[in-house]
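Shown next: data.cif, containing mmCIF, C-alpha atoms.
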```
data_protein
#
loop_
_atom_site.label_atom_id
_atom_site.label_comp_id
_atom_site.auth_asym_id
_atom_site.auth_seq_id
_atom_site.Cartn_x
_atom_site.Cartn_y
_atom_site.Cartn_z
CA MET A 2 -11.07 10.80 29.94
CA ASP A 3 -10.11 13.69 27.70
CA GLU A 4 -6.42 13.10 28.30
CA PRO A 5 -4.88 9.89 26.94
CA LEU A 6 -3.26 7.47 29.34
CA ARG A 7 0.42 8.32 29.72
CA VAL A 8 2.96 5.73 30.70
CA MET A 9 5.61 7.25 32.92
CA GLY A 10 9.06 5.76 33.06
CA GLY A 11 11.64 5.75 35.81
CA SER A 12 15.11 7.19 35.27
CA GLY A 13 15.81 6.78 31.56
CA PRO A 14 14.34 3.55 30.14
CA PRO A 15 16.12 1.82 27.26
CA ALA A 16 15.29 2.79 23.66
CA ALA A 17 13.25 -0.40 23.07
CA ALA A 18 11.09 0.40 26.09
CA LEU A 19 10.59 3.96 24.85
CA ALA A 20 9.47 2.66 21.47
CA GLU A 21 7.05 0.25 23.16
CA THR A 22 5.73 3.05 25.37
CA ALA A 23 5.22 5.35 22.41
CA SER A 24 3.54 2.53 20.54
CA PHE A 25 1.19 1.86 23.49
CA GLU A 26 0.42 5.57 23.91
CA GLY A 27 -0.52 5.73 20.23
CA PHE A 28 -2.70 2.66 20.71
CA VAL A 29 -4.46 4.34 23.66
CA ILE A 30 -4.99 7.58 21.72
CA ASP A 31 -6.41 5.68 18.74
CA ASN A 32 -8.81 3.51 20.76
CA GLN A 33 -9.70 5.46 23.89
CA ALA A 34 -12.73 7.39 22.59
CA ARG A 35 -14.28 4.42 20.82
CA LEU A 36 -13.82 2.07 23.79
CA PHE A 37 -15.13 4.67 26.24
CA GLY A 38 -18.19 5.37 24.06
CA SER A 39 -18.97 1.67 23.71
CA LEU A 40 -18.63 1.12 27.44
CA CYS A 41 -20.86 4.12 28.19
CA LEU A 42 -23.57 2.54 26.07
CA MET A 43 -23.13 -0.85 27.74
CA THR A 44 -22.93 0.32 31.34
CA GLY A 45 -25.12 3.41 31.20
CA SER A 46 -22.63 5.15 33.48
CA ARG A 47 -19.73 7.39 32.48
CA HIS A 48 -17.97 6.66 35.75
CA GLU A 49 -18.29 2.88 35.35
CA ALA A 50 -17.19 3.13 31.70
CA GLU A 51 -14.06 5.09 32.70
CA GLU A 52 -13.12 2.55 35.35
CA ILE A 53 -13.60 -0.41 33.01
CA ALA A 54 -11.66 1.30 30.20
CA GLN A 55 -8.78 2.11 32.53
CA GLU A 56 -8.64 -1.43 33.84
CA ALA A 57 -8.75 -2.84 30.31
CA PHE A 58 -5.91 -0.56 29.17
CA VAL A 59 -3.84 -1.56 32.22
CA ARG A 60 -4.35 -5.23 31.44
CA VAL A 61 -3.38 -4.69 27.82
CA LEU A 62 -0.29 -2.71 28.91
CA GLU A 63 0.78 -5.60 31.16
CA ARG A 64 0.81 -7.84 28.07
CA TRP A 65 1.70 -5.21 25.49
CA ASP A 66 4.80 -7.03 24.23
CA ARG A 67 2.53 -9.87 23.07
CA VAL A 68 -0.63 -7.88 22.30
CA GLN A 69 1.06 -5.47 19.87
CA ARG A 70 2.08 -8.44 17.69
CA LEU A 71 -1.51 -9.72 17.41
CA ASP A 72 -3.42 -9.32 14.16
CA ASP A 73 -6.05 -7.22 15.96
CA PRO A 74 -4.82 -5.60 19.19
CA THR A 75 -7.96 -3.44 19.25
CA GLY A 76 -10.11 -6.57 19.30
CA TYR A 77 -8.07 -7.86 22.22
CA LEU A 78 -8.66 -4.56 24.04
CA PHE A 79 -12.42 -4.76 23.52
CA VAL A 80 -12.58 -8.41 24.61
CA THR A 81 -10.56 -7.51 27.71
CA ALA A 82 -12.94 -4.63 28.48
CA LEU A 83 -15.96 -6.92 28.05
CA ASN A 84 -14.41 -9.48 30.38
CA VAL A 85 -13.82 -6.79 33.00
CA PHE A 86 -17.43 -5.67 32.62
CA ARG A 87 -18.77 -9.23 32.96
CA ARG A 88 -16.63 -9.86 36.03
CA ARG A 89 -17.98 -6.67 37.64
CA LEU A 90 -21.56 -7.75 36.85
CA ARG A 91 -20.97 -11.18 38.35
CA ARG A 92 -19.46 -9.71 41.49
CA ALA A 93 -22.28 -7.20 41.81
CA GLY A 94 -24.83 -10.00 41.45
CA ILE A 95 -23.11 -12.10 44.09
CA ALA A 96 -22.91 -9.13 46.46
CA LEU A 97 -26.58 -8.36 45.87
CA ARG A 98 -27.65 -11.94 46.54
CA ARG A 99 -25.58 -11.99 49.72
CA SER A 100 -26.97 -8.70 50.94
CA ILE A 101 -30.63 -9.56 50.39
CA GLY A 102 -30.36 -13.28 51.02
CA ALA A 103 -30.76 -16.11 48.57
CA GLU A 104 -34.48 -16.33 49.06
CA PRO A 105 -36.86 -13.49 48.44
CA SER A 106 -38.22 -11.92 51.57
CA GLU A 107 -41.79 -12.74 52.45
CA ASP A 108 -44.22 -9.93 51.80
CA ALA A 109 -46.24 -9.41 54.96
CA PHE A 110 -49.19 -7.91 53.07
CA ASP A 111 -49.38 -10.92 50.73
CA ALA A 112 -49.34 -13.26 53.73
CA VAL A 113 -52.19 -11.36 55.38
CA GLU A 114 -54.17 -11.33 52.14
CA ASP A 115 -53.62 -15.07 51.63
CA ARG A 116 -54.70 -15.78 55.20
CA GLU A 117 -57.88 -13.72 54.71
CA VAL A 118 -58.72 -15.57 51.48
CA VAL A 119 -58.25 -18.97 53.14
CA LEU A 120 -60.23 -18.02 56.26
CA SER A 121 -63.06 -16.63 54.16
CA ALA A 122 -63.19 -19.77 52.03
CA LEU A 123 -62.98 -21.98 55.11
CA ALA A 124 -65.93 -20.14 56.70
CA ARG A 125 -68.05 -20.90 53.61
CA LEU A 126 -67.59 -24.69 53.99
CA PRO A 127 -70.36 -26.76 55.59
CA MET A 128 -69.68 -27.29 59.31
CA GLU A 129 -69.07 -31.09 59.00
CA GLN A 130 -66.53 -30.64 56.18
CA ARG A 131 -64.79 -27.76 57.94
CA ALA A 132 -64.50 -29.79 61.18
CA ALA A 133 -63.13 -32.85 59.36
CA LEU A 134 -60.58 -30.74 57.49
CA VAL A 135 -59.43 -28.76 60.53
CA VAL A 136 -59.05 -31.81 62.77
CA THR A 137 -57.20 -33.93 60.18
CA ALA A 138 -55.22 -31.41 58.12
CA LEU A 139 -54.52 -28.60 60.58
CA LEU A 140 -54.42 -30.43 63.88
CA GLY A 141 -52.83 -33.56 62.40
CA TYR A 142 -55.15 -36.25 63.82
CA SER A 143 -55.70 -39.47 61.92
CA SER A 144 -59.14 -40.14 60.46
CA GLU A 145 -59.73 -42.75 63.21
CA GLU A 146 -58.94 -40.26 65.97
CA ALA A 147 -60.93 -37.51 64.24
CA GLY A 148 -63.86 -39.92 63.87
CA ARG A 149 -63.87 -40.57 67.62
CA MET A 150 -63.72 -36.82 68.34
CA LEU A 151 -66.43 -35.88 65.85
CA GLY A 152 -68.63 -38.94 66.39
CA ALA A 153 -68.35 -40.32 62.83
CA ARG A 154 -66.75 -43.27 61.10
CA PRO A 155 -63.15 -42.82 59.84
CA SER A 156 -64.30 -43.30 56.22
CA THR A 157 -66.86 -40.51 56.67
CA ILE A 158 -64.17 -38.19 58.04
CA ARG A 159 -61.90 -38.96 55.04
CA ALA A 160 -64.75 -38.32 52.60
CA ARG A 161 -65.72 -35.04 54.31
CA ALA A 162 -62.07 -33.85 54.37
CA THR A 163 -61.64 -34.71 50.68
CA ARG A 164 -64.82 -32.83 49.75
CA ALA A 165 -63.72 -29.92 51.93
CA ARG A 166 -60.34 -29.71 50.14
CA THR A 167 -62.00 -29.74 46.73
CA THR A 168 -64.55 -27.10 47.72
CA LEU A 169 -61.88 -25.00 49.44
CA ARG A 170 -59.67 -25.10 46.33
CA ASP A 171 -62.57 -23.93 44.17
CA LEU A 172 -63.53 -21.15 46.58
CA ILE A 173 -59.95 -19.86 46.76
CA ARG A 174 -59.72 -19.80 42.95
CA GLU A 175 -62.92 -17.76 42.84
CA GLU A 176 -61.57 -15.20 45.28
CA ARG A 177 -58.32 -14.67 43.45
#
```

With the file now loaded, output its structure as structure tokens.
Amino acid sequence: MDEPLRVMGGSGPPAAALAETASFEGFVIDNQARLFGSLCLMTGSRHEAEEIAQEAFVRVLERWDRVQRLDDPTGYLFVTALNVFRRRLRRAGIALRRSIGAEPSEDAFDAVEDREVVLSALARLPMEQRAALVVTALLGYSSEEAGRMLGARPSTIRARATRARTTLRDLIREER
């Protein structure tokens, strides 16, 4: 980025076009270093800053007939560069989300650790509570069916399962 952007013409452009080109080249020379330095600080990458600056200058050149008449063409250049930068960030974020999936991947070690905590806490429950909880919550039987299996009244099974959940919750909190 040591050399200013040069606008090359075809075979002899008209005098008005030459004046516009010279005017744009002067604009580039005046603003190139400051824009590049600002973009380096924002992006943290010289390469990225060069690309954004070039794209911003191209966009300004495409509208130079209108931009040069603005009160602050330099401000327009900087806003254009910021918009290019934001668009790149958005696109990078979308690409990243697509590549890794919308949901975070499950950590296998956390799952194993969680399972160990739950199994340890479950083993510390009294046998009647553990049986009521396993049959109703894990196996999905109703309290009436669980009562027939475990030889207790349905209300007793519900009470044991409720106590088991409360105790289990407390035990898991202790272990974490």

Selection result for the PyMOL selection byres ((chain A and resi 135-147) around 12) on this file, as a PyMOL selection string | chain A and resi 120+123-124+126+128-134+148-163+165-166+169

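Among the candidates A:Phe37, A:Phe25, A:Phe86, A:Phe79, the residue lying nearest to Arg64 (chain A) is A:Phe25 (atoms considered: all atoms listed in the file).
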
Nearest residue to Asn84 (chain A) from the set A:Arg67, A:Ala109, A:Ser121, A:Ala57 (distances using all atoms listed in the file) =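 Of all the options, A:Ala57 lies closest to Asn84 (chain A).
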
Expected residue set, 8 Å radius at (-9.2, 2.3, 23.7), all atoms listed in the file, as a PDB file with C-alpha atoms, in the frame of the given file:
```
ATOM      1  CA  PHE A  28      -2.700   2.660  20.710  1.00  0.00           C
ATOM      2  CA  VAL A  29      -4.460   4.340  23.660  1.00  0.00           C
ATOM      3  CA  ILE A  30      -4.990   7.580  21.720  1.00  0.00           C
ATOM      4  CA  ASP A  31      -6.410   5.680  18.740  1.00  0.00           C
ATOM      5  CA  ASN A  32      -8.810   3.510  20.760  1.00  0.00           C
ATOM      6  CA  GLN A  33      -9.700   5.460  23.890  1.00  0.00           C
ATOM      7  CA  ALA A  34     -12.730   7.390  22.590  1.00  0.00           C
ATOM      8  CA  ARG A  35     -14.280   4.420  20.820  1.00  0.00           C
ATOM      9  CA  LEU A  36     -13.820   2.070  23.790  1.00  0.00           C
ATOM     10  CA  PHE A  37     -15.130   4.670  26.240  1.00  0.00           C
ATOM     11  CA  ALA A  54     -11.660   1.300  30.200  1.00  0.00           C
ATOM     12  CA  PHE A  58      -5.910  -0.560  29.170  1.00  0.00           C
ATOM     13  CA  THR A  75      -7.960  -3.440  19.250  1.00  0.00           C
ATOM     14  CA  LEU A  78      -8.660  -4.560  24.040  1.00  0.00           C
ATOM     15  CA  PHE A  79     -12.420  -4.760  23.520  1.00  0.00           C
TER      16      PHE A  79
END
```

Enumerate, as a ChimeraX atom specification, the residues matched when the PyMOL selection byres ((chain A and resi 52) around 12) is run on the file above.
-> /A:2,36-37,40-41,44,46-51,53-59,82,85-86,89

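In this model, the gap between CA of Gly45 (chain A) and CA of Gly94 (chain A) comes to 16.9 Å.
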
So how far away is CA of Trp65 (chain A) from CA of Arg87 (chain A), in Å?
-> 22.2 Å

With all atoms listed in the file as the basis for distance, which of A:Pro127, A:Ala122, A:Asp72, A:Arg98 is at the shortest distance from Asp171 (chain A)?
->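 Of all the options, A:Ala122 lies closest to Asp171 (chain A).
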
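Taking CA of Val113 (chain A) and CA of Leu97 (chain A) as endpoints, the distance between them is 27.5 Å.
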
A:Ala93, A:Arg99, A:Val119, A:Ser24: which is nearest Pro74 (chain A), counting all atoms listed in the file?
-> A:Ser24
